[in-house]
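Source file: coords.txt (compact mmCIF, C-alpha atoms)
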```txt
# COMPACT_ATOMS: atom_id res chain seq x y z
CA MET G 1059 0.00 0.00 0.00
CA LEU G 1060 2.81 2.42 0.86
CA LEU G 1061 4.70 1.76 -2.37
CA ILE G 1062 1.60 2.28 -4.53
CA ASN G 1063 0.59 5.51 -2.76
CA GLU G 1064 4.04 6.96 -2.05
CA SER G 1065 3.70 9.99 -4.36
CA PRO G 1066 0.19 11.03 -3.26
CA MET G 1067 1.21 10.63 0.39
CA ARG G 1068 4.27 12.84 -0.13
CA ILE G 1069 2.21 15.49 -1.93
CA PHE G 1070 -0.49 15.42 0.77
CA ALA G 1071 2.11 15.71 3.55
CA PHE G 1072 3.95 18.51 1.71
CA PHE G 1073 0.88 20.67 1.08
CA GLY G 1074 -0.67 19.81 4.46
CA ILE G 1075 2.38 20.90 6.45
CA PHE G 1076 2.88 23.88 4.14
CA GLY G 1077 -0.74 24.98 4.67
CA VAL G 1078 -0.44 24.78 8.45
CA MET G 1079 2.88 26.66 8.51
CA ALA G 1080 1.70 29.33 6.03
CA THR G 1081 -1.40 29.93 8.16
CA ILE G 1082 0.67 30.29 11.33
CA GLU G 1083 3.07 32.64 9.52
CA TYR G 1084 0.18 34.72 8.19
CA PHE G 1085 -1.32 35.28 11.66
CA PHE G 1086 1.97 35.50 13.58
CA PRO G 1087 4.70 36.90 11.28
CA CYS G 1088 8.15 37.20 12.85
CA ARG G 1089 9.22 40.04 10.56
CA THR G 1090 8.12 42.15 7.61
CA LEU G 1091 9.25 40.77 4.25
CA GLN G 1092 11.46 42.96 2.06
CA HIS G 1093 10.10 41.51 -1.20
CA SER G 1094 6.69 40.62 -2.56
CA LYS G 1095 5.29 37.45 -1.00
CA TRP G 1096 3.64 36.43 -4.29
CA LEU G 1097 6.90 36.81 -6.23
CA ARG G 1098 8.88 34.89 -3.59
CA TRP G 1099 6.35 32.09 -3.39
CA ARG G 1100 6.17 31.78 -7.18
CA ASN G 1101 9.96 31.63 -7.53
CA HIS G 1102 10.41 29.19 -4.65
CA PHE G 1103 7.67 26.86 -5.90
CA VAL G 1104 9.19 26.89 -9.40
CA MET G 1105 12.65 26.10 -7.97
CA SER G 1106 11.17 23.32 -5.86
CA PHE G 1107 9.22 21.71 -8.71
CA ILE G 1108 12.25 21.82 -11.03
CA SER G 1109 14.47 20.21 -8.37
CA VAL G 1110 11.90 17.57 -7.42
CA GLY G 1111 11.23 16.87 -11.10
CA LEU G 1112 14.93 16.43 -11.85
CA VAL G 1113 15.44 14.12 -8.90
CA ARG G 1114 12.33 12.07 -9.80
CA PHE G 1115 13.39 11.84 -13.44
CA VAL G 1116 17.07 11.04 -12.86
CA PHE G 1117 16.67 8.78 -9.82
CA SER G 1118 13.13 7.51 -10.45
CA GLY G 1119 12.32 5.23 -7.56
CA SER G 1120 15.90 4.35 -6.67
CA ALA G 1121 15.50 4.87 -2.91
CA VAL G 1122 12.24 2.94 -2.81
CA GLY G 1123 13.70 0.25 -5.08
CA ILE G 1124 16.74 -0.20 -2.87
CA ALA G 1125 14.50 -0.37 0.22
CA VAL G 1126 12.35 -3.08 -1.37
CA LEU G 1127 15.46 -5.00 -2.46
CA ALA G 1128 16.93 -4.76 1.05
CA GLN G 1129 13.70 -6.04 2.57
CA ASN G 1130 13.42 -8.91 0.08
CA VAL G 1131 16.99 -10.15 0.57
CA GLY G 1132 17.12 -9.47 4.32
CA TRP G 1133 19.66 -6.62 4.39
CA GLY G 1134 19.62 -4.13 7.22
CA LEU G 1135 19.63 -4.17 11.00
CA PHE G 1136 15.86 -4.39 11.33
CA ASN G 1137 15.83 -7.57 9.26
CA VAL G 1138 18.31 -9.09 11.73
CA PHE G 1139 17.06 -7.63 15.02
CA LYS G 1140 13.31 -7.71 15.54
CA ILE G 1141 11.98 -4.81 17.59
CA PHE G 1142 8.65 -3.00 17.87
CA PRO G 1143 7.56 -1.42 14.54
CA TRP G 1144 7.03 1.98 16.19
CA LEU G 1145 10.60 1.84 17.52
CA GLU G 1146 11.91 0.91 14.04
CA ILE G 1147 10.17 3.99 12.62
CA PHE G 1148 11.52 6.23 15.39
CA ILE G 1149 15.10 4.97 15.02
CA SER G 1150 14.91 5.15 11.21
CA LEU G 1151 13.69 8.76 11.26
CA LEU G 1152 16.32 9.71 13.83
CA VAL G 1153 19.16 8.13 11.82
CA LEU G 1154 17.87 9.61 8.55
CA ASP G 1155 17.69 13.05 10.14
CA LEU G 1156 21.23 12.73 11.52
CA VAL G 1157 22.54 11.65 8.10
CA ILE G 1158 20.86 14.63 6.43
CA TYR G 1159 22.32 16.91 9.13
CA GLY G 1160 25.78 15.44 8.45
CA GLN G 1161 25.28 16.03 4.74
CA HIS G 1162 24.33 19.64 5.50
CA ILE G 1163 27.50 20.14 7.52
CA LEU G 1164 29.57 18.58 4.72
CA PHE G 1165 28.01 21.01 2.21
CA HIS G 1166 29.15 23.91 4.40
CA TYR G 1167 32.76 22.76 4.68
CA ASN G 1168 33.48 21.56 1.14
CA SER G 1169 33.99 24.51 -1.24
CA TRP G 1170 32.61 22.70 -4.30
CA LEU G 1171 29.52 21.49 -2.44
CA TRP G 1172 29.10 24.93 -0.85
CA ARG G 1173 28.61 26.44 -4.32
CA LEU G 1174 25.63 24.11 -4.85
CA HIS G 1175 24.30 24.57 -1.34
CA GLN G 1176 24.58 28.36 -1.22
CA VAL G 1177 21.09 28.75 -2.72
CA HIS G 1178 19.71 28.00 0.78
CA HIS G 1179 21.56 30.93 2.28
CA ALA G 1180 21.05 33.50 -0.49
CA ASP G 1181 17.48 34.35 0.52
CA SER G 1182 17.13 37.93 1.80
CA ASP G 1183 13.78 37.10 3.45
CA VAL G 1184 12.95 34.02 5.48
CA ASP G 1185 9.43 32.64 5.34
CA VAL G 1186 7.59 29.35 4.97
CA THR G 1187 8.85 28.94 1.37
CA THR G 1188 12.56 29.43 2.11
CA GLY G 1189 12.89 25.67 2.58
CA PHE G 1190 11.79 25.20 -1.04
CA ARG G 1191 15.08 26.73 -2.21
CA PHE G 1192 16.99 23.54 -2.59
CA HIS G 1193 19.19 21.83 -5.12
CA PRO G 1194 18.54 18.42 -6.62
```
How does the structure come out when it is put into C-alpha cells?
Amino acid sequence: MLLINESPMRIFAFFGIFGVMATIEYFFPCRTLQHSKWLRWRNHFVMSFISVGLVRFVFSGSAVGIAVLAQNVGWGLFNVFKIFPWLEIFISLLVLDLVIYGQHILFHYNSWLWRLHQVHHADSDVDVTTGFRFHP
C-alpha cells in the first residue's frame, strides 16, 4: 500500500504541512518581508518543482527500489534484530535526520559542495517557502 501511494502521500504531507505553517506565519509573522510574497512564493515553488522533477526523473524510484530489495533479501539491521515497529520507525527517522544533518555540515565545509548549497543561504527574506530553495 505504501509503495503504490508513495507519491500522493508525499504530496499530501507537503501541502498539508505547508498549509499549516503558512497559516501560522500569516497570523503570527516574525518580521516584515522585504520583497513581494507572491513573487517569492512563485519563484520558490518553481525552484522546488524543477528540483523535485529532476530528482524524480534522474533517480526515479531508486531509494524505494533499494529499500524493497533490502527487505526482500534481508539486508539491514531491522531484518536481523526484531523490535517494535514503532521503535523501528523512530530509530529510522532519527538516523535519517542525523545523516541529512551530516550532509548539510559537509556542504558547508566543502567549497565545491558549498557552491551548490549556497542557494539556501542566499534568501534575503525568510518565510515558509525558504525551505523550497533547494538543489537536486
Long-range neighbours of Val1186 (chain G) as a PyMOL selection string, 9 Å cut-off, all atoms listed in the file, 2 positions minimum in chain: chain G and resi 1076+1079-1080+1083+1099+1184+1188-1190
Filtering to C-alpha atoms, could you give me those residues as a PDB file, in the frame of the given file?
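After the write, selection04.pdb holds the following:
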```pdb
ATOM      1  CA  PHE G1076       2.880  23.880   4.140  1.00  0.00           C
ATOM      2  CA  MET G1079       2.880  26.660   8.510  1.00  0.00           C
ATOM      3  CA  ALA G1080       1.700  29.330   6.030  1.00  0.00           C
ATOM      4  CA  GLU G1083       3.070  32.640   9.520  1.00  0.00           C
ATOM      5  CA  TRP G1099       6.350  32.090  -3.390  1.00  0.00           C
ATOM      6  CA  VAL G1184      12.950  34.020   5.480  1.00  0.00           C
ATOM      7  CA  THR G1188      12.560  29.430   2.110  1.00  0.00           C
ATOM      8  CA  GLY G1189      12.890  25.670   2.580  1.00  0.00           C
ATOM      9  CA  PHE G1190      11.790  25.200  -1.040  1.00  0.00           C
TER      10      PHE G1190
END
```
Could you give me, as an NGL selection string, the residues within 12 Å of Arg1100 (chain G), counting only C-alpha atoms and dropping anything in the same chain fewer than 5 positions from it? :G and (1094-1095 or 1105-1107 or 1187-1188 or 1190-1191)
Can you work out which one of G:Leu1097, G:Ile1069, G:Leu1151, G:Val1126 has the shortest atom-to-atom distance to Val1110 (chain G), counting all atoms listed in the file? G:Ile1069
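For Cys1088 (chain G), the residues within 12 Å (counting only C-alpha atoms, excluding itself and residues fewer than 2 positions away along the chain) are G:Ile1082, G:Glu1083, G:Tyr1084, G:Phe1085, G:Phe1086, G:Thr1090, G:Leu1091, G:Asp1183, G:Val1184, G:Asp1185, G:Val1186.
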May I ask for the distance between CA of Leu1145 (chain G) and CA of Ile1062 (chain G), given in Å to one decimal place? 23.8 Å
Suppose you want the space between CA of Ala1180 (chain G) and CA of His1166 (chain G); what is it in Å?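 Calculated distance between CA of Ala1180 (chain G) and CA of His1166 (chain G) is 13.5 Å.
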Could you work out an axis-aligned box for region 1152-1170 of chain G, taking every atom the file lists and adding 5 Å on each side, and report centre and edge lengths in Å to one decimal, as lines of an AutoDock Vina configuration file?
```
center_x = 25.2
center_y = 16.3
center_z = 4.8
size_x = 27.7
size_y = 26.4
size_z = 28.1
```
